[in-house]
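Read through the structure below, which is laid out as structure tokens, and then see the notes.
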Amino acid sequence: MLRLSNLNIGYNNSAPVVSSIDAELSDGCFCCLLGRNGTGKSTLLRTIAGLQHPLTGTIERPDSIGIVLTAIPNLLNTKVREMVAYGRLAHTGIWGRLHDEDYAMADEAIRLVGIQDIADRLLSTLSDGEKQKTMIARAIAQQSPLLLLDEPSAFLDYPSRRELMHLLQDLAHIHRKTILLSTHDVELAAASADVLWIINDKTMVKKNPQDFHPEEL
């Protein structure tokens, strides 16, 4: 469950980027966040994730959150399987040791995202799209009830973007994850999401996909 109440977001000593947000997502809901560049999509995701403070208002969210941001780390000597397994570190206790079951969950996340063929490659050798898929697999391996993704399909071709949307649908509907992602892929969002959050003119409105028209952006 994710609940936003009278939320104003932005940066200190400036006017809110988006004001008076009241919205909630239930377990198993797949939501796409739409809006033009600079309207506050990334700011909202970062605020929900706890990476920046809200100006006012409250956020109710699970303690554990899986996050995929636009920036992708480029660790020179880290392989894909290792990076995905790092998503399990929150479950390893004070010693930070990964066990067989952690690697099994990482391998399952790799399989779900479809990157078995690059699992043993170094991150530094990957394309941007391959790196993005790796970070999505890492978030899945974390097994958090809430996933936040900022433009996860930005570096993917159309077939891969469509596959990603189907994967996120399954994670929400079958595995009961609450998923919120920002995207510029309006058509795929409207065809895939359970609900749309649309930011425009410093406000956010909620829409059923069947009632959405692209000219509203």
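Identifiers in this document derive from the order of the structure tokens: chains are assigned A, B, ..., residues are numbered from 1 separately in each chain, and ligands are numbered from 1 in order of occurrence.
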Contact table stretch 140-197 of chain A vs stretch 106-121 of chain A, cut-off 8 Å, shortest pair per residue, only C-alpha atoms, as a tab-separated table:
residue	atom	partner	partner_atom	distance
A:Ile140	CA	A:Ala109	CA	5.9
A:Ala141	CA	A:Ala106	CA	5.2
A:Leu164	CA	A:Val113	CA	7.6
A:Leu167	CA	A:Val113	CA	7.4
Mind writing the picked residues with N, CA, C and O atoms as a PDB file, in the first residue's frame?
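And here's out-v5.pdb as it stands now:
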ATOM      1  N   ILE A 140      13.906  -6.381  -8.370  1.00  0.00           N
ATOM      2  CA  ILE A 140      13.023  -7.536  -8.210  1.00  0.00           C
ATOM      3  C   ILE A 140      13.592  -8.501  -7.173  1.00  0.00           C
ATOM      4  O   ILE A 140      12.862  -9.041  -6.329  1.00  0.00           O
ATOM      5  N   ALA A 141      14.912  -8.718  -7.220  1.00  0.00           N
ATOM      6  CA  ALA A 141      15.550  -9.638  -6.271  1.00  0.00           C
ATOM      7  C   ALA A 141      15.393  -9.173  -4.838  1.00  0.00           C
ATOM      8  O   ALA A 141      15.378  -9.990  -3.908  1.00  0.00           O
ATOM      9  N   LEU A 164       8.896  -5.486 -20.914  1.00  0.00           N
ATOM     10  CA  LEU A 164       9.031  -4.943 -19.569  1.00  0.00           C
ATOM     11  C   LEU A 164       7.660  -4.637 -18.971  1.00  0.00           C
ATOM     12  O   LEU A 164       7.408  -4.942 -17.793  1.00  0.00           O
ATOM     13  N   LEU A 167       6.089  -7.800 -17.897  1.00  0.00           N
ATOM     14  CA  LEU A 167       6.735  -8.290 -16.679  1.00  0.00           C
ATOM     15  C   LEU A 167       6.211  -7.543 -15.459  1.00  0.00           C
ATOM     16  O   LEU A 167       5.875  -8.158 -14.427  1.00  0.00           O
TER      17      LEU A 167
END
Fill in: Shell of 8 Å around A:Ala190, only C-alpha atoms, local chain residues under 5 positions omitted, as a VMD selection string
chain A and resid 196 209 to 210 212
Discussion item. Env of A:Gln169: 8 Å cut, atoms = only C-alpha atoms, seq-sep filter 4 positions within chain, self excluded. Answer as a PyMOL selection string.
Written reply: chain A and resi 30+165+173+192-193
Export all heavy atoms of the chosen residues as a short mmCIF file (atom, residue, chain, number, x, y, z; two decimals), in the first residue's frame?
data_model
loop_
_atom_site.label_atom_id
_atom_site.label_comp_id
_atom_site.auth_asym_id
_atom_site.auth_seq_id
_atom_site.Cartn_x
_atom_site.Cartn_y
_atom_site.Cartn_z
N PHE A 30 -0.67 -1.65 -10.56
CA PHE A 30 0.36 -1.22 -11.49
C PHE A 30 -0.02 0.17 -12.01
O PHE A 30 -1.02 0.33 -12.72
CB PHE A 30 0.47 -2.22 -12.64
CG PHE A 30 1.46 -1.85 -13.71
CD1 PHE A 30 2.61 -1.15 -13.41
CD2 PHE A 30 1.26 -2.24 -15.02
CE1 PHE A 30 3.54 -0.82 -14.39
CE2 PHE A 30 2.17 -1.94 -16.01
CZ PHE A 30 3.31 -1.22 -15.69
N MET A 165 6.79 -4.04 -19.75
CA MET A 165 5.45 -3.73 -19.25
C MET A 165 4.71 -5.00 -18.86
O MET A 165 4.03 -5.05 -17.82
CB MET A 165 4.65 -2.94 -20.29
CG MET A 165 5.07 -1.49 -20.43
SD MET A 165 4.82 -0.55 -18.92
CE MET A 165 4.92 1.13 -19.52
N HIS A 173 0.16 -8.13 -10.57
CA HIS A 173 -1.09 -8.89 -10.50
C HIS A 173 -0.91 -10.30 -9.92
O HIS A 173 -1.79 -10.81 -9.23
CB HIS A 173 -1.71 -8.98 -11.89
CG HIS A 173 -2.06 -7.64 -12.45
ND1 HIS A 173 -2.28 -7.43 -13.79
CD2 HIS A 173 -2.22 -6.43 -11.85
CE1 HIS A 173 -2.56 -6.15 -13.99
NE2 HIS A 173 -2.53 -5.52 -12.85
N SER A 192 -1.31 -0.75 -20.55
CA SER A 192 -0.80 -1.72 -19.59
C SER A 192 -1.20 -1.43 -18.15
O SER A 192 -1.40 -2.36 -17.36
CB SER A 192 0.73 -1.78 -19.65
OG SER A 192 1.19 -2.03 -20.97
N ALA A 193 -1.31 -0.16 -17.78
CA ALA A 193 -1.46 0.21 -16.38
C ALA A 193 -2.89 -0.01 -15.89
O ALA A 193 -3.85 0.03 -16.66
CB ALA A 193 -1.06 1.66 -16.17
#
Worksheet item: Leaving out stretch 123-130 of chain A and any residue of its chain fewer than 5 positions from it, which residues lie within 12 Å of it when counting only C-alpha atoms, given as an MDAnalysis selection string?
Response: chainID A and resid 70:84 110 113:118 135:137 151:158 160:161 164
Keeping only C-alpha atoms, take the residues you just selected and write them out as a CSV table (one decimal), in the first residue's frame.
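As a result, selection.csv now contains:
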chain,number,residue,atom,x,y,z
A,70,THR,CA,17.5,6.9,-14.3
A,71,ALA,CA,21.2,7.1,-13.2
A,72,ILE,CA,22.9,3.7,-13.6
A,73,PRO,CA,26.0,2.8,-11.6
A,74,ASN,CA,29.0,1.7,-13.6
A,75,LEU,CA,31.1,-0.4,-11.3
A,76,LEU,CA,34.2,-1.6,-13.3
A,77,ASN,CA,34.8,-5.0,-11.7
A,78,THR,CA,31.2,-6.0,-10.9
A,79,LYS,CA,29.4,-8.7,-12.9
A,80,VAL,CA,25.7,-8.7,-13.6
A,81,ARG,CA,24.9,-11.6,-11.3
A,82,GLU,CA,26.7,-9.8,-8.5
A,83,MET,CA,24.9,-6.5,-9.0
A,84,VAL,CA,21.5,-8.3,-9.0
A,110,ILE,CA,17.7,-12.5,-13.9
A,113,VAL,CA,14.0,-10.0,-16.8
A,114,GLY,CA,15.5,-12.3,-19.5
A,115,ILE,CA,19.2,-11.4,-19.1
A,116,GLN,CA,20.6,-14.9,-18.5
A,117,ASP,CA,22.9,-14.5,-21.5
A,118,ILE,CA,24.7,-11.5,-19.9
A,135,MET,CA,19.0,-2.7,-12.2
A,136,ILE,CA,15.4,-3.8,-12.7
A,137,ALA,CA,16.4,-7.4,-11.9
A,151,GLU,CA,11.9,5.9,-16.9
A,152,PRO,CA,13.0,2.2,-16.8
A,153,SER,CA,12.4,1.7,-20.5
A,154,ALA,CA,14.4,4.8,-21.6
A,155,PHE,CA,17.2,2.8,-23.3
A,156,LEU,CA,15.1,-0.1,-24.5
A,157,ASP,CA,13.8,-0.9,-28.0
A,158,TYR,CA,10.1,-1.3,-28.5
A,160,SER,CA,11.9,-4.8,-24.9
A,161,ARG,CA,9.7,-2.0,-23.6
A,164,LEU,CA,9.0,-4.9,-19.6
Polymer residues at most 7 Å from A:Pro54, only C-alpha atoms, same-chain spacing of 4 or more positions, as a short mmCIF file (atom, residue, chain, number, x, y, z; two decimals) with N, CA and C atoms, in the first residue's frame:
data_model
loop_
_atom_site.label_atom_id
_atom_site.label_comp_id
_atom_site.auth_asym_id
_atom_site.auth_seq_id
_atom_site.Cartn_x
_atom_site.Cartn_y
_atom_site.Cartn_z
N LEU A 7 0.13 16.17 -0.09
CA LEU A 7 1.58 16.20 -0.31
C LEU A 7 1.97 17.34 -1.25
N ASN A 8 2.91 18.16 -0.81
CA ASN A 8 3.54 19.16 -1.65
C ASN A 8 4.99 18.78 -1.83
N ILE A 9 5.47 18.75 -3.07
CA ILE A 9 6.84 18.32 -3.33
C ILE A 9 7.62 19.41 -4.05
N GLY A 10 8.92 19.40 -3.85
CA GLY A 10 9.78 20.39 -4.48
C GLY A 10 11.06 20.52 -3.69
N THR A 47 10.80 11.64 -3.75
CA THR A 47 10.18 11.98 -2.48
C THR A 47 9.51 10.75 -1.85
#
Fill in: DSSP-assigned helix (DSSP H, G or I) among stretch 158-214 of chain A, expressed as an MDAnalysis selection string
chainID A and resid 158:173 186:192 209:211 214
Item to complete: For stretch 56-61 of chain A, work out the shell of residues within 9 Å, counting only C-alpha atoms and skipping chain neighbours fewer than 4 positions away, then give it as an NGL selection string.
Response: :A and (1-9 or 20-21 or 47-49 or 65 or 146)
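Here atom CA of A:Leu69 stands at a distance of 17.4 Å from atom CA of A:Arg36.
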Fill in: Between atom CA of A:Glu163 and atom CA of A:Gly87, distance in Å (one decimal)
21.8 Å
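Take the candidates A:Asp150, A:Glu187, A:Asp211, A:Glu216 and check each one against A:Thr43 using only C-alpha atoms; the shortest distance goes to A:Asp150.
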Discussion item. Give me, as a ChimeraX atom specification, all polymer residues having an atom no more than 12 Å from A:Leu44, counting only C-alpha atoms and skipping those fewer than 2 positions away in the same chain.
Written reply: /A:4,7-11,16-19,21,33-35,38-42,46-55,59,148-150,180-182,197-199,202-204
